[in-house]
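Peer 1: Below is the file data35.cif, with mmCIF, C-alpha atoms.
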data_start
#
loop_
_atom_site.label_atom_id
_atom_site.label_comp_id
_atom_site.auth_asym_id
_atom_site.auth_seq_id
_atom_site.Cartn_x
_atom_site.Cartn_y
_atom_site.Cartn_z
CA MET A 493 -12.96 -30.27 14.24
CA SER A 494 -13.00 -32.82 11.38
CA GLU A 495 -10.20 -35.30 10.64
CA ASP A 496 -9.63 -33.59 7.29
CA ASN A 497 -9.04 -30.28 9.04
CA ASN A 498 -6.71 -31.97 11.50
CA LEU A 499 -4.73 -33.45 8.64
CA THR A 500 -4.54 -30.08 6.84
CA LEU A 501 -3.29 -28.33 9.96
CA THR A 502 -0.72 -31.04 10.67
CA LEU A 503 0.57 -30.91 7.10
CA THR A 504 0.73 -27.13 7.11
CA LEU A 505 2.56 -27.04 10.42
CA THR A 506 5.15 -29.61 9.36
CA ARG A 507 5.71 -28.27 5.84
CA SER A 508 8.47 -25.86 6.76
CA LYS A 509 10.79 -27.11 9.44
CA ARG A 510 12.91 -23.95 9.27
CA MET A 511 10.09 -21.57 10.01
CA SER A 512 9.76 -20.24 13.54
CA THR A 513 6.55 -21.58 15.01
CA VAL A 514 4.96 -18.25 15.88
CA ILE A 515 5.41 -17.09 12.29
CA GLN A 516 4.10 -20.42 11.08
CA VAL A 517 0.97 -20.08 13.21
CA LEU A 518 0.42 -16.54 11.96
CA GLU A 519 0.79 -17.74 8.38
CA THR A 520 -1.60 -20.66 8.94
CA MET A 521 -4.18 -18.43 10.63
CA ALA A 522 -4.04 -16.07 7.66
CA SER A 523 -4.28 -18.71 4.97
CA ASP A 524 -6.57 -21.48 6.26
CA ALA A 525 -10.25 -20.72 5.77
CA SER A 526 -11.24 -23.18 8.51
CA LEU A 527 -9.59 -20.97 11.10
CA VAL A 528 -12.41 -18.48 11.39
CA ASN A 529 -13.95 -19.89 14.54
CA GLU A 530 -12.57 -19.97 18.05
CA GLU A 531 -12.72 -23.77 18.35
CA ASN A 532 -10.49 -24.35 15.34
CA ILE A 533 -8.11 -21.57 16.34
CA ASN A 534 -7.76 -23.08 19.82
CA ALA A 535 -7.11 -26.49 18.27
CA LEU A 536 -4.37 -24.97 16.11
CA LEU A 537 -2.79 -23.27 19.11
CA GLU A 538 -2.89 -26.52 21.10
CA LYS A 539 -1.17 -28.43 18.27
CA SER A 540 1.46 -25.76 17.76
CA ASP A 541 4.79 -25.82 19.48
CA ILE A 542 4.39 -22.44 21.15
CA ASN A 543 4.70 -21.53 24.81
CA VAL A 544 1.96 -20.42 27.21
CA THR A 545 2.75 -16.70 26.85
CA GLN A 546 2.54 -16.99 23.09
CA LYS A 547 -0.78 -18.85 23.32
CA GLN A 548 -2.11 -16.11 25.60
CA ALA A 549 -0.94 -13.44 23.17
CA PHE A 550 -2.64 -15.21 20.27
CA THR A 551 -5.87 -15.66 22.22
CA ALA A 552 -5.86 -12.03 23.34
CA LYS A 553 -4.90 -10.92 19.80
CA ASN A 554 -2.11 -8.95 21.41
CA THR A 555 0.50 -8.34 18.70
CA GLU A 556 2.87 -6.40 20.95
CA LYS A 557 2.93 -9.16 23.56
CA LEU A 558 3.48 -11.75 20.84
CA ALA A 559 6.31 -9.69 19.34
CA GLY A 560 8.00 -9.67 22.74
CA THR A 561 8.19 -13.47 22.72
CA VAL A 562 10.03 -13.81 19.39
CA ALA A 563 13.81 -13.49 19.49
CA ASP A 564 15.50 -10.97 17.20
CA LEU A 565 12.25 -9.56 15.90
CA SER A 566 12.99 -6.28 14.13
CA THR A 567 10.97 -3.19 14.95
CA LEU A 568 9.93 -1.96 11.54
CA ILE A 569 7.76 0.95 10.48
CA ALA A 570 5.43 0.75 7.50
CA TYR A 571 6.41 3.51 5.09
CA ALA A 572 4.69 4.19 1.81
CA GLN A 573 7.70 4.60 -0.49
CA VAL A 574 6.46 7.69 -2.21
CA LEU A 575 7.48 11.33 -2.36
CA PRO A 576 5.10 14.28 -2.78
CA VAL A 577 7.37 15.46 -5.56
CA ASP A 578 9.16 12.84 -7.61
CA ASP A 579 11.32 14.40 -10.30
CA GLU A 580 12.28 10.93 -11.51
CA ALA A 581 8.70 10.28 -12.51
CA PRO A 582 7.96 11.03 -16.17
CA ILE A 583 6.08 14.27 -16.77
CA GLU A 584 3.95 14.06 -19.86
CA ASP A 585 2.18 17.41 -19.90
CA GLU A 586 3.22 20.63 -21.60
CA GLN A 587 4.44 22.21 -18.39
CA GLU A 588 7.58 20.12 -18.13
CA ASP A 589 9.83 23.16 -18.44
CA ASP A 590 7.69 25.18 -16.09
CA ASN A 591 7.69 22.76 -13.20
CA THR A 592 9.26 25.29 -10.89
CA VAL A 593 7.31 24.29 -7.80
CA SER A 594 8.54 20.71 -7.82
CA SER A 595 12.11 21.78 -8.54
CA LYS A 596 11.97 24.29 -5.71
CA LEU A 597 10.57 21.72 -3.29
CA LEU A 598 13.18 19.13 -4.15
CA ALA A 599 15.97 21.69 -3.94
CA SER A 600 14.78 22.98 -0.57
CA SER A 601 14.64 19.50 0.82
CA PHE A 602 18.38 18.90 0.67
CA MET B 557 25.50 -15.42 -15.94
CA SER B 558 23.44 -12.27 -16.24
CA GLY B 559 21.57 -10.91 -13.27
CA SER B 560 17.92 -10.10 -13.06
CA LEU B 561 15.53 -8.15 -10.89
CA VAL B 562 11.97 -9.01 -9.92
CA CYS B 563 10.08 -6.63 -7.64
CA VAL B 564 7.35 -8.50 -5.80
CA GLY B 565 4.58 -7.58 -3.40
CA THR B 566 3.98 -9.72 -0.33
CA GLY B 567 0.55 -8.20 0.36
CA MET B 568 -0.61 -6.53 3.53
CA THR B 569 -1.45 -9.45 5.84
CA LEU B 570 1.36 -11.96 6.45
CA GLY B 571 0.56 -15.24 4.73
CA ALA B 572 -2.83 -14.20 3.37
CA HIS B 573 -2.01 -12.08 0.37
CA ILE B 574 1.17 -13.23 -1.34
CA SER B 575 0.79 -14.72 -4.84
CA PRO B 576 2.27 -18.15 -5.66
CA ILE B 577 4.61 -16.63 -8.25
CA ALA B 578 5.85 -13.93 -5.85
CA LYS B 579 6.56 -16.60 -3.23
CA SER B 580 8.38 -18.71 -5.77
CA HIS B 581 10.55 -15.76 -6.85
CA ILE B 582 11.47 -15.14 -3.21
CA GLU B 583 12.33 -18.79 -2.61
CA GLN B 584 14.48 -19.07 -5.74
CA ALA B 585 16.33 -15.74 -5.54
CA ASP B 586 20.06 -15.47 -4.85
CA ILE B 587 19.37 -12.35 -2.74
CA VAL B 588 16.15 -10.86 -1.45
CA PHE B 589 16.08 -7.19 -0.48
CA SER B 590 13.09 -6.35 1.69
CA LEU B 591 10.94 -3.57 2.99
CA MET B 592 8.37 -5.21 5.24
CA ALA B 593 5.83 -3.48 7.43
CA ASN B 594 6.56 -5.39 10.64
CA GLY B 595 9.08 -7.72 12.23
CA PHE B 596 6.87 -10.80 11.84
CA ALA B 597 6.75 -10.31 8.07
CA GLN B 598 10.51 -9.81 7.96
CA LYS B 599 11.04 -13.12 9.80
CA TRP B 600 8.52 -14.83 7.55
CA LEU B 601 10.55 -13.69 4.55
CA GLU B 602 13.80 -14.82 6.16
CA ASP B 603 12.30 -18.28 6.53
CA MET B 604 11.61 -18.39 2.79
CA ASN B 605 15.13 -17.51 1.66
CA GLY B 606 18.51 -17.79 3.32
CA ASP B 607 19.77 -14.39 2.14
CA VAL B 608 17.25 -11.70 2.99
CA ARG B 609 18.60 -8.18 3.51
CA SER B 610 16.32 -5.51 4.94
CA LEU B 611 16.55 -2.05 3.39
CA HIS B 612 15.10 -0.41 6.51
CA GLY B 613 18.54 0.66 7.71
CA PHE B 614 18.62 3.36 5.06
CA TYR B 615 15.76 5.24 6.72
CA GLN B 616 16.83 7.92 9.18
CA GLU B 617 14.82 10.74 10.64
CA GLY B 618 16.20 14.00 9.22
CA LYS B 619 17.50 12.30 6.06
CA ASN B 620 15.84 13.18 2.78
CA ARG B 621 13.80 10.20 1.59
CA ASP B 622 14.66 10.92 -2.04
CA VAL B 623 18.29 10.20 -1.13
CA THR B 624 17.23 7.15 0.89
CA TYR B 625 15.29 5.68 -2.01
CA ASN B 626 18.13 6.24 -4.48
CA GLU B 627 20.55 4.51 -2.11
CA MET B 628 18.18 1.53 -1.88
CA VAL B 629 17.87 1.39 -5.67
CA GLU B 630 21.65 1.49 -6.12
CA LEU B 631 22.22 -1.32 -3.62
CA VAL B 632 19.62 -3.52 -5.30
CA LEU B 633 20.99 -2.83 -8.79
CA SER B 634 24.61 -3.39 -7.75
CA GLN B 635 23.75 -7.05 -7.06
CA VAL B 636 21.89 -7.38 -10.36
CA ARG B 637 24.96 -5.99 -12.16
CA ASP B 638 27.03 -8.61 -10.33
CA GLY B 639 24.97 -11.30 -12.05
CA LYS B 640 22.72 -12.19 -9.12
CA LYS B 641 19.10 -13.24 -9.37
CA VAL B 642 17.68 -10.46 -7.19
CA VAL B 643 14.23 -10.07 -5.71
CA ALA B 644 13.09 -6.84 -4.08
CA ALA B 645 10.15 -7.69 -1.83
CA PHE B 646 7.86 -4.95 -0.60
CA TYR B 647 4.83 -5.21 1.64
CA GLY B 648 1.58 -4.52 -0.19
CA HIS B 649 1.94 -3.91 -3.92
CA PRO B 650 5.47 -3.16 -5.15
CA GLY B 651 4.27 -0.53 -7.60
CA VAL B 652 1.55 1.30 -5.67
CA PHE B 653 2.80 4.24 -3.62
CA ALA B 654 6.18 2.57 -3.98
CA CYS B 655 8.73 4.52 -6.01
CA ILE B 656 11.69 2.22 -5.34
CA SER B 657 10.42 -0.57 -7.60
CA HIS B 658 9.64 1.82 -10.43
CA ARG B 659 13.02 3.55 -10.15
CA ALA B 660 14.93 0.25 -9.94
CA ILE B 661 13.13 -1.36 -12.87
CA SER B 662 13.48 1.76 -14.98
CA LYS B 663 17.23 2.00 -14.30
CA ALA B 664 17.75 -1.73 -14.83
CA LYS B 665 16.02 -1.60 -18.20
CA ALA B 666 18.13 1.41 -19.19
CA GLU B 667 21.16 -0.81 -18.56
CA ASP B 668 19.61 -3.72 -20.51
CA LEU B 669 19.22 -5.75 -17.34
CA PRO B 670 16.07 -7.89 -17.14
CA ALA B 671 13.64 -6.44 -14.63
CA ARG B 672 9.95 -6.74 -13.96
CA MET B 673 7.25 -6.49 -11.33
CA GLU B 674 4.83 -8.99 -9.79
CA PRO B 675 1.82 -7.39 -8.10
CA GLY B 676 0.70 -7.92 -4.53
CA ILE B 677 -2.46 -7.08 -2.63
CA SER B 678 -2.17 -3.43 -1.69
CA ALA B 679 -3.48 -1.35 1.21
CA GLU B 680 -5.89 0.14 -1.31
CA ASP B 681 -7.27 -3.33 -2.10
CA CYS B 682 -7.74 -4.06 1.60
CA LEU B 683 -9.37 -0.67 2.12
CA TYR B 684 -12.08 -1.39 -0.44
CA ALA B 685 -12.80 -4.78 1.17
CA ASP B 686 -12.66 -3.61 4.79
CA LEU B 687 -14.62 -0.38 4.39
CA GLY B 688 -17.07 -1.66 1.79
CA ILE B 689 -16.18 1.00 -0.75
CA ASP B 690 -16.59 0.31 -4.45
CA PRO B 691 -14.52 2.87 -6.38
CA GLY B 692 -16.76 2.24 -9.39
CA LYS B 693 -19.84 3.51 -7.58
CA THR B 694 -19.06 7.21 -7.33
CA GLY B 695 -15.40 7.35 -8.32
CA CYS B 696 -12.35 7.61 -6.12
CA MET B 697 -9.40 9.99 -6.02
CA HIS B 698 -6.08 9.04 -4.43
CA TYR B 699 -3.28 11.40 -3.48
CA GLU B 700 -0.21 11.35 -1.33
CA THR B 701 -1.29 13.83 1.36
CA SER B 702 1.54 16.33 1.03
CA GLN B 703 1.31 16.31 -2.75
CA PHE B 704 -2.40 17.02 -2.37
CA MET B 705 -1.46 20.04 -0.25
CA PHE B 706 1.44 21.35 -2.35
CA PHE B 707 -0.32 21.42 -5.70
CA GLN B 708 -3.57 22.83 -7.08
CA ARG B 709 -6.14 20.06 -7.32
CA ASN B 710 -9.70 19.95 -8.58
CA ILE B 711 -11.44 18.25 -5.68
CA GLU B 712 -14.53 16.31 -6.67
CA THR B 713 -16.59 16.02 -3.49
CA SER B 714 -19.10 13.60 -5.01
CA SER B 715 -16.43 10.90 -5.14
CA HIS B 716 -14.24 9.41 -2.41
CA LEU B 717 -11.03 11.22 -1.63
CA ILE B 718 -8.29 9.04 -0.18
CA LEU B 719 -5.15 10.62 1.26
CA TRP B 720 -2.11 8.43 1.90
CA GLN B 721 0.68 9.15 4.40
CA VAL B 722 -1.55 11.59 6.28
CA ALA B 723 0.83 11.43 9.26
CA LEU B 724 3.39 13.26 7.10
CA ALA B 725 0.97 15.98 5.97
CA GLY B 726 2.82 19.07 4.76
CA ASP B 727 6.40 17.84 5.19
CA GLN B 728 8.43 19.79 2.63
CA SER B 729 11.72 18.44 3.93
CA PHE B 730 10.85 14.83 2.99
CA SER B 731 12.79 13.88 6.08
CA LYS B 732 10.28 13.75 8.95
CA PHE B 733 8.67 10.67 10.45
CA SER B 734 5.58 12.70 11.43
CA THR B 735 4.30 16.25 11.32
CA GLY B 736 2.45 18.07 14.09
CA SER B 737 -0.79 19.98 14.62
CA PRO B 738 0.13 23.17 12.71
CA TYR B 739 0.75 21.13 9.57
CA ARG B 740 -2.44 19.13 10.05
CA GLN B 741 -4.40 22.35 10.53
CA VAL B 742 -3.31 23.49 7.07
CA LEU B 743 -4.66 20.24 5.64
CA ILE B 744 -7.91 20.57 7.59
CA ASP B 745 -8.35 24.17 6.41
CA LEU B 746 -7.77 23.07 2.83
CA LEU B 747 -10.39 20.33 3.18
CA LEU B 748 -12.83 22.70 4.91
CA GLU B 749 -12.92 24.72 1.68
CA HIS B 750 -14.79 21.75 0.21
CA TYR B 751 -16.31 19.72 3.05
CA PRO B 752 -18.48 20.64 6.07
CA SER B 753 -16.64 20.67 9.41
CA ASP B 754 -18.77 17.84 10.81
CA HIS B 755 -18.23 15.64 7.76
CA LYS B 756 -17.30 12.13 8.92
CA VAL B 757 -13.95 10.90 7.71
CA ILE B 758 -12.32 7.52 8.28
CA LEU B 759 -8.87 6.69 9.62
CA TYR B 760 -7.94 3.37 8.08
CA GLN B 761 -5.20 0.82 8.74
CA ALA B 762 -5.07 -2.64 7.16
CA LYS B 763 -4.18 -5.76 9.13
CA GLY B 764 -0.48 -6.64 9.15
CA VAL B 765 -0.86 -10.06 10.77
CA ALA B 766 -3.83 -12.38 11.31
CA ILE B 767 -4.41 -11.34 14.93
CA ASP B 768 -4.33 -7.60 14.18
CA THR B 769 -7.55 -5.64 14.16
CA MET B 770 -8.23 -3.50 11.14
CA ARG B 771 -8.67 0.19 12.06
CA ALA B 772 -11.72 1.99 10.70
CA GLU B 773 -12.20 4.97 12.98
CA TYR B 774 -14.91 7.44 12.01
CA ILE B 775 -14.25 11.01 13.20
CA PRO B 776 -15.48 14.48 12.25
CA LEU B 777 -13.09 16.20 9.85
CA THR B 778 -12.02 18.80 12.43
CA ALA B 779 -11.09 16.05 14.93
CA LEU B 780 -8.23 15.08 12.64
CA ILE B 781 -6.11 17.65 14.46
CA ASP B 782 -5.86 15.46 17.60
CA ALA B 783 -6.19 12.03 16.00
CA GLU B 784 -3.59 9.34 16.55
CA LEU B 785 -1.85 8.91 13.21
CA PHE B 786 0.81 6.42 12.20
CA MET B 787 2.91 6.14 9.06
CA HIS B 788 0.48 3.56 7.70
CA THR B 789 -2.70 5.47 8.55
CA THR B 790 -4.81 6.47 5.56
CA LEU B 791 -7.45 9.20 5.56
CA VAL B 792 -10.64 8.29 3.71
CA ILE B 793 -13.05 11.13 2.96
CA PRO B 794 -16.45 9.92 1.73
CA PRO B 795 -18.46 12.04 -0.72
CA CYS B 796 -20.38 14.98 0.76
CA LYS B 797 -22.66 15.63 -2.20
CA LYS B 798 -24.47 13.69 -4.91
CA MET B 799 -23.06 13.42 -8.40
CA GLN B 800 -24.26 16.35 -10.52
CA PRO B 801 -25.44 15.53 -14.06
CA ASN B 802 -23.40 17.02 -16.89
CA ASP B 803 -26.35 18.38 -18.90
CA LYS B 804 -24.24 19.55 -21.83
CA VAL B 805 -22.67 16.14 -22.40
CA LEU B 806 -25.97 14.33 -21.80
CA ALA B 807 -27.68 16.54 -24.44
CA ARG B 808 -24.97 15.77 -26.98
CA LEU B 809 -25.24 12.04 -26.30
CA ALA B 810 -29.03 12.20 -26.62
CA GLU B 811 -28.64 13.85 -30.02
CA ILE B 812 -26.33 11.03 -31.16
CA ASP B 813 -28.87 8.47 -29.89
CA LYS B 814 -31.59 10.20 -31.94
CA GLN B 815 -29.44 10.18 -35.08
CA GLU B 816 -28.70 6.49 -34.64
CA ILE B 817 -32.41 5.67 -34.21
CA ARG B 818 -33.29 7.74 -37.30
CA ALA B 819 -30.63 5.96 -39.33
CA LYS B 820 -31.86 2.56 -38.14
CA ASN B 821 -35.57 3.22 -38.74
CA GLY B 822 -35.28 5.41 -41.85
CA PRO B 823 -36.66 4.36 -45.28
CA VAL B 824 -34.63 1.96 -47.35
CA LEU B 825 -33.47 3.82 -50.41
CA SER B 826 -33.12 2.03 -53.69
CA LEU B 827 -31.35 3.27 -56.75
CA VAL B 828 -33.73 3.71 -59.72
CA LEU B 829 -32.16 3.82 -63.15
#
Can you dump the structure from the file as structure tokens?
Peer 2:
Amino acid sequence: MSEDNNLTLTLTLTRSKRMSTVIQVLETMASDASLVNEENINALLEKSDINVTQKQAFTAKNTEKLAGTVADLSTLIAYAQVLPVDDEAPIEDEQEDDNTVSSKLLASSF
Amino acid sequence: MSGSLVCVGTGMTLGAHISPIAKSHIEQADIVFSLMANGFAQKWLEDMNGDVRSLHGFYQEGKNRDVTYNEMVELVLSQVRDGKKVVAAFYGHPGVFACISHRAISKAKAEDLPARMEPGISAEDCLYADLGIDPGKTGCMHYETSQFMFFQRNIETSSHLILWQVALAGDQSFSKFSTGSPYRQVLIDLLLEHYPSDHKVILYQAKGVAIDTMRAEYIPLTALIDAELFMHTTLVIPPCKKMQPNDKVLARLAEIDKQEIRAKNGPVLSLVL
């Protein structure tokens, strides 16, 4: 690993003191183009202030295991915020008054 | 001091996809409301701003999502009305398959409150990159899965068909977190009207964090019935036939071409007095 890369990693890792280190490593891995090979990733993990379990989780690419090591990590589900029928969306065709199906669906869903 | 609303997208993969301006809005906001896809992204956001409030608590199984979304919009707007500089941060793109941003911005503008959107890298963007699909090659249709089922659609099988929220296929209550095999069978039967049963479809999931593995699982259409589906799984159906030429339109265009050539190469007329 070059000195330039070392410097970049060190700067990135010290930029935000508030950030929890696991999140910081995830952010660095996702935004530093030099971290595409195993050697550089291992160097990053060695420099980072993370524990052995976290290093193992990173190396094994085990997101669940990693999540278990971070305190107060919310369990969130990825929803697309969209409805099959959205009566708040503008309707620009001629059938605006005849949109009985969407009205019926919305009404039946309450 | 008047409040304002900016809806921003944080992209799909933590740290890789957020734009500089979206990040700056988050860092400078008085309050950030959030809908992130995973706990890591939520924490990442909380490290960028000291007042991040997740909207996830509004979701409840059995509760109509239309109500949920309106409650989220009202909470966000209440802080804008109070004069706060508010950011609503959504994973992916805040305006793609994301009605909350559109509703909030529309209502804010109706109340003369400044509101706008900053894009983010969406699941659709990642899909094109990860699966090597160029929507310009044969065309691409996108539908929310249940909407695709509820309404009459002209399915063009020479282009890609992409169905979002396939795990919720056929949910008319808008309140389920998943639907079962009978609902999926209705979707499969609908698709079988247009595609062969052994047609290979793709189950796709973008990476949420750097160490995630992108999912691109190729299965026959009929195997969808037993497939493992999550809220963020997208069904990609590649074309099953070649594009058919539109002879009528092509003939009309050829006639125009001929007229243009005749006009260009025709004799120069001069006025003789």
Peer 1: Kindly provide the residues of chain A that approach chain B to within 7 Å, each paired with its closest atom pair and their distance in Å to one decimal, based on only C-alpha atoms, listed by chain and increasing number, as CSV.
Peer 2:
residue,atom,partner,partner_atom,distance
A:Arg510,CA,B:Asp603,CA,6.3
A:Met511,CA,B:Asp603,CA,5.3
A:Ile515,CA,B:Trp600,CA,6.1
A:Leu518,CA,B:Ala766,CA,6.0
A:Glu519,CA,B:Gly571,CA,4.4
A:Met521,CA,B:Ala766,CA,6.1
A:Ala522,CA,B:Ala572,CA,4.8
A:Ser523,CA,B:Ala572,CA,5.0
A:Phe550,CA,B:Ile767,CA,6.8
A:Lys553,CA,B:Ile767,CA,4.9
A:Thr555,CA,B:Asp768,CA,6.7
A:Leu565,CA,B:Gly595,CA,5.2
A:Ser566,CA,B:Gly595,CA,4.6
A:Thr567,CA,B:Gly595,CA,5.6
A:Leu568,CA,B:Asn594,CA,4.9
A:Ile569,CA,B:Ala593,CA,5.7
A:Ala570,CA,B:Ala593,CA,4.2
A:Tyr571,CA,B:Met787,CA,5.9
A:Ala572,CA,B:Phe653,CA,5.7
A:Gln573,CA,B:Ala654,CA,4.3
A:Val574,CA,B:Phe653,CA,5.2
A:Pro576,CA,B:Gln703,CA,4.3
A:Val577,CA,B:Gln703,CA,6.7
A:Leu597,CA,B:Gln728,CA,6.6
A:Ser601,CA,B:Ser729,CA,4.4
A:Phe602,CA,B:Asn620,CA,6.6
Peer 1: Take atom CA of B:Val588 and atom CA of B:Gly567 and report the distance between them in Å, one decimal.
Peer 2: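 These two atoms are separated by 15.9 Å.
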Peer 1: Can you work out the spacing between atom CA of B:Val757 and atom CA of B:Arg740 in Å, to one decimal?
Peer 2: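 Rounded to one decimal, the two atoms are 14.3 Å apart.
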Peer 1: Quick one: pull the distance between atom CA of B:Glu630 and atom CA of B:Ser734, Å, one decimal.
Peer 2: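 Atom CA of B:Glu630 sits 26.3 Å away from atom CA of B:Ser734.
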Peer 1: Would you compute, for all listed atoms of stretch 751-765 of chain B, the axis-aligned bounding box grown by 3 Å on each side, and then report its centre and edge lengths in Å rounded to one decimal, as AutoDock Vina command-line options?
Peer 2:
--center_x -9.6 --center_y 5.3 --center_z 6.9 --size_x 24.3 --size_y 36.7 --size_z 13.8
Peer 1: Could you tell me which of A:Ser526, A:Leu575, A:Leu558, A:Asn532 comes closest to A:Val544 if we count all atoms listed in the file?
Peer 2: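 Looking only at the distances to A:Val544, the closest residue turns out to be A:Leu558.
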Peer 1: Of the candidates B:Glu583, B:Glu667, B:Asp782, B:Glu680, which one gets nearest to B:Ala645 if we count all atoms listed in the file?
Peer 2: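 Checking each candidate against B:Ala645, we get B:Glu583 as the closest.
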